[in-house]
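Below is one structure, written out as structure tokens, with a few remarks after it.
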Amino acid sequence: MDKTLIFLCIASALLIFSIIVVNTSPAINGVAGEWRDLNCKRYSDYHDYIKKKDTYANKDEHLKLSKEGRNLCKRRKAMYGLEYSSIVCDIVLGFFCAFLSLLHYLGVGKVFEKVTGIIGVASGIICFILTLIYVIYSGYIFTNDNAGMDFDFSSGDINKDYGDVPKLDKDGIFAKLDSTKNKYECVYYDANDESKFYAKYNELGQKRYNYNKDSIDSNSKLMKCRYKYIDPLASPGTDPTYYPSYSLCANGITPVISDCDVLYVYHDSLDGFENKYNYDRWVTSIIFDSLNIALSMGLAMFGFLLYKGSNSDGHTPV
């Protein structure tokens with residue numbers, strides 16, 4: 001097959017797949033959160049402020065949290081920047097290479113085919129490096145970070161907030177009854193690692209974190225046995241809290257609900273498929289960017305063949 005045609009097909013595929021990524025990418029589209037305007041300097045300033053204080057309540061803990069917050073913020077900013085750069089690179093260079101190769105395939109500008117080959121090699125290498133680093137970053141955050149995790153400064157001090165979606169087992173169960181203690185023990189409570197208690201981004205596509213038909217039936221076990229907490233000091237008529245906290249599980253959950261050997265969590269996700277939708281978009285972006293990595297290699301390889309296959313007069317040997 002004509003090398004120019006193959007080069008055209010690869011460049012066109014790179015352009016098309018990149019357009020798909022534009023519409024599914026998690027950082028640019030806010031699927032993972034609003035990361036574009038994150039202020040990482042605030043964490044550094046807070047760290048320096050606490051460090052200079054001779055006395056400060058829980059000083060070591062706050063220094064640790066400010067470091068974690070800064071690292072998370074920088075990681076998210078880096079992912080946003082890499083996502084933006086890789087997409088722009090793939091689209092612009094993919095379009096440019098596709099346009100030039102189309103002209104050559106139609107017999108226009110054959111004298112510049114050697115130059116197009118060089119452009120293809122350079123474009124392929126640049127796109128390969130940027131897209132590969134981005135996919136690694138995206139995949140790492142997707143599989144390791146907790147959904148909704150953030151650091152809060154609203155109280156004046158820094159506090160870690162893991163979000164409102166605790167990790168559930170395959171049946172959507174949050175806690176199980178320990179009859180010997182007459183209290184519920186949380187399934188994923190780990191006294192040494194709070195992050196294990198909350199769902200990660202790569203888990204939100206599972207059925208347990210999305211719409212469940214039992215959520216519309218007040219007599220279903222899901223609704224009868226859902227975790228519910230009403231602050232005894234709250235005003236009468238105050239709505240209950242349905243999101244259990246990590247600290248709540250340290251000593252088990254009481255009181256025990258009649259006929260409920262397990263506890264479920266009624267989270268907003270049970271009313272729709274938002275988590276599944278965002279999960280699918282993130283996975284789609286990783287898949288198509290992975291394909292773009294392969295296409296970038298192909299672009300560089302066939303750009304080199306195009307360069308080597310052209311005579312000095314610009315004509316490709318038959």
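Residue names in the structure tokens use chain letters A, B, ... in the order shown, residue numbers from 1 in each chain, and ligand numbers from 1 in the order shown.
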Compile the contact shell of segment 214-224 of chain A as an mmCIF file with N, CA and C atoms, in the first residue's frame: residues with an atom at most 10 Å away, counting only C-alpha atoms, same-chain residues fewer than 6 positions apart removed.
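What landed in part-v2.cif:
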data_model
loop_
_atom_site.group_PDB
_atom_site.id
_atom_site.type_symbol
_atom_site.label_atom_id
_atom_site.label_comp_id
_atom_site.auth_asym_id
_atom_site.auth_seq_id
_atom_site.Cartn_x
_atom_site.Cartn_y
_atom_site.Cartn_z
ATOM 1 N N GLY A 172 -23.585 -3.873 47.882
ATOM 2 C CA GLY A 172 -23.939 -2.521 48.288
ATOM 3 C C GLY A 172 -24.006 -2.340 49.789
ATOM 4 N N ILE A 173 -23.436 -3.278 50.539
ATOM 5 C CA ILE A 173 -23.492 -3.235 52.003
ATOM 6 C C ILE A 173 -22.353 -2.381 52.558
ATOM 7 N N ILE A 257 -30.929 -1.569 64.162
ATOM 8 C CA ILE A 257 -32.260 -1.465 63.570
ATOM 9 C C ILE A 257 -32.907 -2.844 63.544
ATOM 10 N N SER A 258 -34.118 -2.925 63.939
ATOM 11 C CA SER A 258 -34.839 -4.207 63.988
ATOM 12 C C SER A 258 -34.858 -4.886 62.622
ATOM 13 N N ASP A 259 -34.546 -6.192 62.615
ATOM 14 C CA ASP A 259 -34.566 -7.037 61.411
ATOM 15 C C ASP A 259 -33.527 -6.638 60.363
ATOM 16 N N CYS A 260 -32.540 -5.863 60.745
ATOM 17 C CA CYS A 260 -31.498 -5.454 59.797
ATOM 18 C C CYS A 260 -30.143 -6.004 60.240
ATOM 19 N N VAL A 262 -27.625 -5.977 58.195
ATOM 20 C CA VAL A 262 -26.649 -5.179 57.459
ATOM 21 C C VAL A 262 -27.171 -3.748 57.345
ATOM 22 N N LEU A 263 -26.248 -2.833 56.991
ATOM 23 C CA LEU A 263 -26.636 -1.445 56.756
ATOM 24 C C LEU A 263 -26.244 -1.038 55.344
ATOM 25 N N TYR A 264 -27.107 -0.244 54.705
ATOM 26 C CA TYR A 264 -26.846 0.300 53.379
ATOM 27 C C TYR A 264 -26.668 1.817 53.502
ATOM 28 N N VAL A 265 -26.165 2.415 52.476
ATOM 29 C CA VAL A 265 -26.006 3.874 52.454
ATOM 30 C C VAL A 265 -26.877 4.427 51.341
ATOM 31 N N TYR A 266 -27.721 5.369 51.685
ATOM 32 C CA TYR A 266 -28.541 6.008 50.650
ATOM 33 C C TYR A 266 -27.829 7.279 50.191
ATOM 34 N N HIS A 267 -27.082 7.152 49.120
ATOM 35 C CA HIS A 267 -26.388 8.328 48.583
ATOM 36 C C HIS A 267 -27.119 8.827 47.338
ATOM 37 N N LEU A 270 -27.821 6.941 43.950
ATOM 38 C CA LEU A 270 -28.853 5.922 43.754
ATOM 39 C C LEU A 270 -30.051 6.465 42.980
ATOM 40 N N ASP A 271 -30.089 7.777 42.781
ATOM 41 C CA ASP A 271 -31.180 8.383 42.022
ATOM 42 C C ASP A 271 -30.858 8.521 40.543
#
Report task. Compile the contact shell of segment 181-198 of chain A as a PyMOL selection string: residues with an atom at most 10 Å away, counting only C-alpha atoms, same-chain residues fewer than 6 positions apart removed. Result -> chain A and resi 144-149+162-169+173-175+244-257+260-263
Query - Closest of A:Ile136, A:Leu305, A:Ile287, A:Leu204 to Ser18 of chain A - atom-to-atom distances counting only C-alpha atoms - result: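 Of all the options, A:Ile287 lies closest to Ser18 of chain A.
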Report task. Determine the nearest neighbour of Lys59 of chain A from the options A:Ala27, A:Ile158, A:Ile118, A:Ile126, counting only C-alpha atoms. Result -> A:Ile158
Requested in this report: Would you mind listing what lies within 8 Å of Phe142 of chain A as a PyMOL selection string, with only C-alpha atoms counted and same-chain residues fewer than 2 positions away left out?
Outcome: chain A and resi 138-140+144-145+200-202
Write the selection just made, keeping N, CA and C atoms, as a compact mmCIF listing (two decimals), in the first residue's frame?
# COMPACT_ATOMS: atom_id res chain seq x y z
N SER A 138 -3.16 10.14 34.33
CA SER A 138 -4.60 9.93 34.40
C SER A 138 -4.92 8.58 35.02
N GLY A 139 -4.23 7.54 34.56
CA GLY A 139 -4.47 6.20 35.08
C GLY A 139 -4.13 6.09 36.56
N TYR A 140 -3.06 6.77 36.99
CA TYR A 140 -2.67 6.73 38.39
C TYR A 140 -3.75 7.35 39.28
N ASN A 144 -6.00 5.33 42.03
CA ASN A 144 -5.48 5.50 43.39
C ASN A 144 -6.17 6.57 44.23
N ASP A 145 -6.77 7.56 43.59
CA ASP A 145 -7.37 8.66 44.36
C ASP A 145 -8.83 8.39 44.69
N LYS A 200 -13.00 4.88 45.30
CA LYS A 200 -12.07 5.52 44.38
C LYS A 200 -12.77 5.76 43.04
N TYR A 201 -12.14 6.59 42.21
CA TYR A 201 -12.73 6.93 40.91
C TYR A 201 -13.01 5.69 40.07
N ASN A 202 -12.10 4.73 40.08
CA ASN A 202 -12.26 3.55 39.22
C ASN A 202 -13.31 2.57 39.73
Query raised in the report: Could you state the separation of atom CA of Lys160 of chain A and atom CA of Arg281 of chain A in Å, given to one decimal place?
Result: 26.8 Å
Query raised in the report: Hey, what does DSSP flag as helix (DSSP H, G or I) within segment 25-225 of chain A? Can you give it to me as JSON, numbers by chain?
Result: {"A": [41, 42, 43, 44, 45, 46, 47, 48, 49, 50, 51, 52, 59, 60, 61, 62, 63, 64, 65, 66, 67, 68, 69, 70, 71, 72, 73, 74, 75, 76, 77, 78, 79, 80, 81, 82, 83, 84, 85, 86, 87, 88, 89, 90, 91, 92, 93, 94, 95, 96, 97, 98, 99, 100, 101, 102, 103, 104, 105, 110, 111, 112, 113, 114, 115, 116, 117, 118, 119, 120, 121, 122, 123, 124, 125, 126, 127, 128, 129, 130, 131, 132, 133, 134, 135, 136, 137, 138, 139, 140, 141, 142, 143, 144, 194, 195, 196, 197, 201, 202, 203, 207, 208, 209, 213, 214, 215, 216, 221, 222, 223, 224]}
Query raised in the report: Using only C-alpha atoms, which of the listed residues (A:Gly94, A:Gly33, A:Gly120, A:Gly298) sits closest to Lys77 of chain A?
Result: A:Gly33
Requested in this report: Considering only C-alpha atoms, return as a VMD selection string whatever protein or nucleic-acid residues lie within 12 Å of Lys41 of chain A, sequence-local ones (same chain, fewer than 4 positions apart) excluded.
Outcome: chain A and resid 37 45 to 48 66 to 67 69 to 71 73 to 74 77
Query raised in the report: Which polymer residues have any atom within 12 Å of an atom of Tyr49 of chain A, counting only C-alpha atoms, with same-chain residues fewer than 5 positions away left out, as a PyMOL selection string?
Result: chain A and resi 42-44+54-56+59+62-63+66+157
Could you write out the selected residues, including C-alpha atoms, as a PDB file, in the first residue's frame?
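File written: selection-v5.pdb
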ATOM      1  CA  ARG A  42      -2.143  28.202  49.436  1.00  0.00           C
ATOM      2  CA  TYR A  43      -0.957  24.869  50.823  1.00  0.00           C
ATOM      3  CA  SER A  44       2.683  25.963  50.698  1.00  0.00           C
ATOM      4  CA  ASP A  54       6.443  28.005  68.057  1.00  0.00           C
ATOM      5  CA  THR A  55       3.225  26.617  69.437  1.00  0.00           C
ATOM      6  CA  TYR A  56       0.292  25.410  67.393  1.00  0.00           C
ATOM      7  CA  LYS A  59       1.263  21.212  64.568  1.00  0.00           C
ATOM      8  CA  HIS A  62      -1.313  20.117  60.144  1.00  0.00           C
ATOM      9  CA  LEU A  63       2.134  20.171  58.549  1.00  0.00           C
ATOM     10  CA  SER A  66      -0.638  20.713  54.154  1.00  0.00           C
ATOM     11  CA  ASP A 157      -7.225  25.059  59.847  1.00  0.00           C
TER      12      ASP A 157
END
**Report entry** strand (DSSP E or B) per DSSP on the backbone: members of segment 64-248 of chain A, as a list in words
**Finding:**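 These are the residues in question: Asn146, Asp150, Phe151, Asp152, Asn159, Lys160, Asp161, Pro166, Ile173, Phe174, Ala175, Lys176, Leu177, Asp178, Lys183, Tyr184, Glu185, Cys186, Tyr198, Lys200, Arg226, Tyr229 and Thr241 of chain A.
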Resulting file, chosen residues, N, CA and C atoms, as a short mmCIF file (atom, residue, chain, number, x, y, z; two decimals), in the first residue's frame:
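And here's result00.cif as it stands now:
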data_model
loop_
_atom_site.label_atom_id
_atom_site.label_comp_id
_atom_site.auth_asym_id
_atom_site.auth_seq_id
_atom_site.Cartn_x
_atom_site.Cartn_y
_atom_site.Cartn_z
N ASN A 146 -9.22 8.89 45.86
CA ASN A 146 -10.62 8.76 46.28
C ASN A 146 -11.48 9.81 45.60
N ASP A 150 -10.63 16.03 49.01
CA ASP A 150 -10.17 17.41 48.94
C ASP A 150 -9.67 17.84 50.31
N PHE A 151 -9.16 19.03 50.39
CA PHE A 151 -8.69 19.59 51.65
C PHE A 151 -9.43 20.90 51.89
N ASP A 152 -9.95 21.03 53.10
CA ASP A 152 -10.85 22.14 53.41
C ASP A 152 -10.17 23.12 54.37
N ASN A 159 -8.25 20.65 56.87
CA ASN A 159 -8.88 19.38 57.18
C ASN A 159 -9.04 18.56 55.91
N LYS A 160 -8.83 17.26 56.03
CA LYS A 160 -8.98 16.38 54.88
C LYS A 160 -10.44 15.95 54.74
N ASP A 161 -10.96 16.05 53.53
CA ASP A 161 -12.34 15.66 53.25
C ASP A 161 -12.34 14.62 52.14
N PRO A 166 -18.90 6.35 50.79
CA PRO A 166 -18.08 5.30 51.40
C PRO A 166 -18.01 4.08 50.50
N ILE A 173 -23.44 -3.28 50.54
CA ILE A 173 -23.49 -3.23 52.00
C ILE A 173 -22.35 -2.38 52.56
N PHE A 174 -22.69 -1.57 53.53
CA PHE A 174 -21.72 -0.66 54.15
C PHE A 174 -21.22 -1.21 55.49
N ALA A 175 -22.12 -1.81 56.25
CA ALA A 175 -21.75 -2.35 57.57
C ALA A 175 -22.58 -3.61 57.87
N LYS A 176 -21.99 -4.49 58.68
CA LYS A 176 -22.66 -5.74 59.03
C LYS A 176 -22.80 -5.85 60.54
N LEU A 177 -23.88 -6.50 60.98
CA LEU A 177 -24.18 -6.61 62.40
C LEU A 177 -23.26 -7.63 63.07
N ASP A 178 -22.65 -7.22 64.17
CA ASP A 178 -21.90 -8.14 65.02
C ASP A 178 -22.79 -8.42 66.22
N LYS A 183 -23.76 -4.34 67.68
CA LYS A 183 -23.50 -3.12 66.93
C LYS A 183 -23.03 -3.50 65.53
N TYR A 184 -23.08 -2.53 64.61
CA TYR A 184 -22.66 -2.77 63.23
C TYR A 184 -21.17 -2.44 63.08
N GLU A 185 -20.46 -3.32 62.40
CA GLU A 185 -19.05 -3.10 62.10
C GLU A 185 -18.93 -2.73 60.61
N CYS A 186 -18.24 -1.63 60.34
CA CYS A 186 -18.09 -1.18 58.96
C CYS A 186 -17.19 -2.14 58.18
N TYR A 198 -13.32 4.95 51.70
CA TYR A 198 -14.06 5.67 50.67
C TYR A 198 -13.78 5.12 49.28
N LYS A 200 -13.00 4.88 45.30
CA LYS A 200 -12.07 5.52 44.38
C LYS A 200 -12.77 5.76 43.04
N ARG A 226 -31.12 1.39 55.73
CA ARG A 226 -30.10 2.37 55.39
C ARG A 226 -29.61 3.07 56.65
N TYR A 229 -28.60 8.94 60.69
CA TYR A 229 -28.17 9.52 61.95
C TYR A 229 -28.84 10.88 62.15
N THR A 241 -28.82 12.53 58.62
CA THR A 241 -27.62 12.42 57.79
C THR A 241 -27.51 10.99 57.29
#
Requested in this report: Give me, please, the distance in Å between atom CA of Ala98 of chain A and atom CA of Ala11 of chain A, quoted to one decimal.
Outcome: 4.9 Å
Report task. Enter the distance from atom CA of Leu295 of chain A to atom CA of Val115 of chain A, in Å, rounded to one decimal. Result -> 19.7 Å
**Report entry** Contact residues around Ser296 of chain A with only C-alpha atoms at 10 Å, ignoring same-chain residues under 3 positions, as a PyMOL selection string
**Finding:** chain A and resi 10-11+14+90+94+120-129+131-132+290-293+299-302
May I have the residues from that selection written out with C-alpha atoms, as an mmCIF file, in the first residue's frame?
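Contents of selection.cif, freshly written:
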data_model
loop_
_atom_site.group_PDB
_atom_site.id
_atom_site.type_symbol
_atom_site.label_atom_id
_atom_site.label_comp_id
_atom_site.auth_asym_id
_atom_site.auth_seq_id
_atom_site.Cartn_x
_atom_site.Cartn_y
_atom_site.Cartn_z
ATOM 1 C CA ILE A 10 -2.785 7.328 10.712
ATOM 2 C CA ALA A 11 -2.828 11.133 10.965
ATOM 3 C CA LEU A 14 -5.068 10.532 15.456
ATOM 4 C CA ASP A 90 -2.621 15.542 18.941
ATOM 5 C CA GLY A 94 -2.653 15.314 13.554
ATOM 6 C CA GLY A 120 5.658 13.364 10.696
ATOM 7 C CA VAL A 121 8.632 11.996 12.632
ATOM 8 C CA ALA A 122 8.826 15.088 14.873
ATOM 9 C CA SER A 123 5.048 15.203 15.384
ATOM 10 C CA GLY A 124 4.877 11.510 16.228
ATOM 11 C CA ILE A 125 7.648 11.755 18.819
ATOM 12 C CA ILE A 126 6.180 14.860 20.478
ATOM 13 C CA CYS A 127 2.643 13.437 20.601
ATOM 14 C CA PHE A 128 3.919 10.066 21.832
ATOM 15 C CA ILE A 129 5.818 11.571 24.773
ATOM 16 C CA THR A 131 0.231 11.509 25.513
ATOM 17 C CA LEU A 132 2.126 8.700 27.242
ATOM 18 C CA SER A 290 -3.771 4.823 24.554
ATOM 19 C CA LEU A 291 -4.684 4.305 20.911
ATOM 20 C CA ASN A 292 -3.243 7.739 20.175
ATOM 21 C CA ILE A 293 0.051 6.606 21.686
ATOM 22 C CA LEU A 299 3.064 8.559 12.559
ATOM 23 C CA ALA A 300 6.763 8.745 13.396
ATOM 24 C CA MET A 301 7.527 5.429 11.703
ATOM 25 C CA PHE A 302 5.711 6.141 8.447
#
